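Q: Below you'll find upload16.cif; it's mmCIF, C-alpha atoms.
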data_input
loop_
_atom_site.group_PDB
_atom_site.id
_atom_site.type_symbol
_atom_site.label_atom_id
_atom_site.label_comp_id
_atom_site.auth_asym_id
_atom_site.auth_seq_id
_atom_site.Cartn_x
_atom_site.Cartn_y
_atom_site.Cartn_z
ATOM 1 C CA MET A 1 188.744 25.439 -57.232
ATOM 2 C CA LEU A 2 185.671 27.406 -56.296
ATOM 3 C CA VAL A 3 186.450 31.106 -55.798
ATOM 4 C CA LEU A 4 183.957 33.231 -53.870
ATOM 5 C CA THR A 5 183.892 36.887 -52.885
ATOM 6 C CA ARG A 6 182.823 37.679 -49.313
ATOM 7 C CA LYS A 7 182.763 40.857 -47.257
ATOM 8 C CA ASN A 8 183.362 41.253 -43.521
ATOM 9 C CA GLU A 9 180.872 39.253 -41.448
ATOM 10 C CA GLU A 10 179.707 37.211 -44.457
ATOM 11 C CA SER A 11 179.929 33.419 -44.365
ATOM 12 C CA ILE A 12 180.310 30.330 -46.493
ATOM 13 C CA ASN A 13 178.743 26.991 -45.574
ATOM 14 C CA ILE A 14 180.433 23.702 -46.407
ATOM 15 C CA GLY A 15 177.949 20.887 -46.097
ATOM 16 C CA ASP A 16 175.703 20.984 -43.030
ATOM 17 C CA ASP A 17 178.425 21.211 -40.390
ATOM 18 C CA ILE A 18 181.068 23.742 -41.432
ATOM 19 C CA ILE A 19 180.770 27.518 -41.568
ATOM 20 C CA ILE A 20 183.611 29.807 -42.632
ATOM 21 C CA LYS A 21 183.078 33.444 -41.711
ATOM 22 C CA VAL A 22 185.118 36.464 -42.794
ATOM 23 C CA ILE A 23 185.951 38.213 -39.525
ATOM 24 C CA GLU A 24 188.224 40.973 -40.778
ATOM 25 C CA THR A 25 190.016 42.014 -43.934
ATOM 26 C CA SER A 26 193.065 44.197 -44.336
ATOM 27 C CA LYS A 27 195.360 45.101 -47.184
ATOM 28 C CA ASN A 28 197.424 41.892 -47.025
ATOM 29 C CA SER A 29 195.362 39.401 -45.023
ATOM 30 C CA VAL A 30 191.961 37.995 -44.225
ATOM 31 C CA LYS A 31 190.944 36.800 -40.751
ATOM 32 C CA LEU A 32 188.580 33.828 -40.928
ATOM 33 C CA GLY A 33 186.462 32.170 -38.286
ATOM 34 C CA ILE A 34 185.663 28.487 -38.748
ATOM 35 C CA GLU A 35 182.845 26.616 -37.036
ATOM 36 C CA ALA A 36 183.135 22.855 -37.419
ATOM 37 C CA PRO A 37 182.508 19.681 -35.417
ATOM 38 C CA GLN A 38 185.339 18.770 -33.026
ATOM 39 C CA ASN A 39 186.153 15.621 -35.018
ATOM 40 C CA ILE A 40 187.146 17.769 -38.016
ATOM 41 C CA ILE A 41 190.854 18.669 -37.958
ATOM 42 C CA ILE A 42 191.500 22.221 -39.139
ATOM 43 C CA LEU A 43 195.089 23.223 -39.945
ATOM 44 C CA ARG A 44 196.742 26.031 -41.859
ATOM 45 C CA HIS A 45 198.082 24.605 -45.108
ATOM 46 C CA GLU A 46 201.744 25.196 -44.205
ATOM 47 C CA VAL A 47 201.257 23.328 -40.900
ATOM 48 C CA PHE A 48 199.521 20.463 -42.713
ATOM 49 C CA GLU A 49 202.393 20.226 -45.232
ATOM 50 C CA SER A 50 204.967 20.243 -42.422
ATOM 51 C CA ILE A 51 203.194 17.395 -40.618
ATOM 52 C CA GLN A 52 202.959 15.409 -43.860
ATOM 53 C CA GLN A 53 206.688 15.893 -44.505
ATOM 54 C CA GLU A 54 207.590 14.800 -40.953
ATOM 55 C CA ASN A 55 205.409 11.698 -41.355
ATOM 56 C CA ILE A 56 207.184 10.798 -44.600
ATOM 57 C CA ILE A 57 210.609 11.265 -43.016
ATOM 58 C CA SER A 58 209.726 9.245 -39.907
ATOM 59 C CA SER A 59 208.354 6.377 -41.995
ATOM 60 C CA ARG A 60 211.712 5.984 -43.779
ATOM 61 C CA GLY A 61 213.362 4.200 -40.847
ATOM 62 C CA ASP A 62 215.899 1.596 -41.892
ATOM 63 C CA VAL A 63 217.328 -1.646 -40.519
ATOM 64 C CA SER A 64 220.240 0.144 -38.819
ATOM 65 C CA ASP A 65 217.706 2.024 -36.660
ATOM 66 C CA ILE A 66 216.169 -1.267 -35.540
ATOM 67 C CA SER A 67 219.575 -2.853 -34.933
ATOM 68 C CA GLU A 68 220.704 0.124 -32.880
ATOM 69 C CA ALA A 69 217.522 0.014 -30.781
ATOM 70 C CA ALA A 70 217.976 -3.720 -30.174
ATOM 71 C CA TYR A 71 221.600 -3.169 -29.105
ATOM 72 C CA ILE A 72 220.573 -0.495 -26.615
ATOM 73 C CA LEU A 73 217.897 -2.757 -25.129
ATOM 74 C CA ILE A 74 220.243 -5.745 -24.837
ATOM 75 C CA LYS A 75 222.914 -3.544 -23.274
ATOM 76 C CA ASN A 76 220.522 -2.683 -20.468
ATOM 77 C CA LYS A 77 220.794 -5.473 -17.851
ATOM 78 C CA LYS A 78 217.090 -5.513 -17.040
ATOM 79 C CA TYR A 79 216.136 -6.115 -20.649
ATOM 80 C CA LYS A 80 219.027 -8.535 -21.110
ATOM 81 C CA ARG A 81 217.604 -10.704 -18.327
ATOM 82 C CA ASP A 82 214.113 -10.564 -19.892
ATOM 83 C CA ILE A 83 215.494 -11.408 -23.321
ATOM 84 C CA LYS A 84 217.341 -14.459 -21.961
ATOM 85 C CA LYS A 85 214.099 -15.686 -20.387
ATOM 86 C CA GLU A 86 212.353 -15.400 -23.735
ATOM 87 C CA GLY A 87 215.146 -17.250 -25.578
ATOM 88 C CA TYR A 88 215.970 -14.413 -27.941
ATOM 89 C CA LYS A 89 219.685 -14.564 -27.074
ATOM 90 C CA LYS A 90 219.940 -17.860 -28.993
ATOM 91 C CA ARG A 91 218.509 -16.203 -32.104
ATOM 92 C CA GLY A 92 221.398 -13.737 -32.355
ATOM 93 C CA ILE A 93 219.654 -10.580 -31.238
#
Represent the structure from my file as structure tokens, please.

A:
Amino acid sequence: MLVLTRKNEESINIGDDIIIKVIETSKNSVKLGIEAPQNIIILRHEVFESIQQENIISSRGDVSDISEAAYILIKNKKYKRDIKKEGYKKRGI
């Protein structure tokens, strides 16, 4: 990890496109301004970790989730009619 010391209004460049500027410092915090292209996603670390955790949890779906979704669709008459047309009823869905 690179550790740098900056004062208020001083900046750090990352590559050609990203500038991090110290806007304000106080006893317990630092306010930063970040200039970056719009295609660069900038998140606080705790938000990034939360999103990663939610993605892991949502990717753990199991067969019972799929079976339950299929049951709900078949239960609905409109989808039941469409499923019969497609021949899925014969396959045990």

Q: Going by the chain IDs and residue numbers used in this file, which residues fall under the PyMOL selection byres ((chain A and resi 12-23) around 8)? Write them as a list in words.

A: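 Here the PyMOL selection byres ((chain A and resi 12-23) around 8) matches Arg6, Lys7, Asn8, Glu9, Glu10, Ser11, Glu24, Thr25, Val30, Lys31, Leu32, Gly33, Ile34, Glu35, Ala36 and Pro37 of chain A.
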
Q: Quick one: distance from CA of Ser29 in chain A to CA of Leu2 in chain A in Å, one decimal?

A: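 Straight-line distance from CA of Ser29 in chain A to CA of Leu2 in chain A works out to 19.1 Å.
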
Q: CA of Ile41 in chain A to CA of Met1 in chain A: how many Å, to one decimal?

A: 20.5 Å

Q: Let me have the centre and edge lengths of the axis-aligned box enclosing all listed atoms of range 48-55 of chain A with 3 Å padding on every side, in Å to one decimal, as JSON.

A:
{"center_x": 203.6, "center_y": 16.1, "center_z": -42.9, "size_x": 14.1, "size_y": 14.8, "size_z": 10.6}
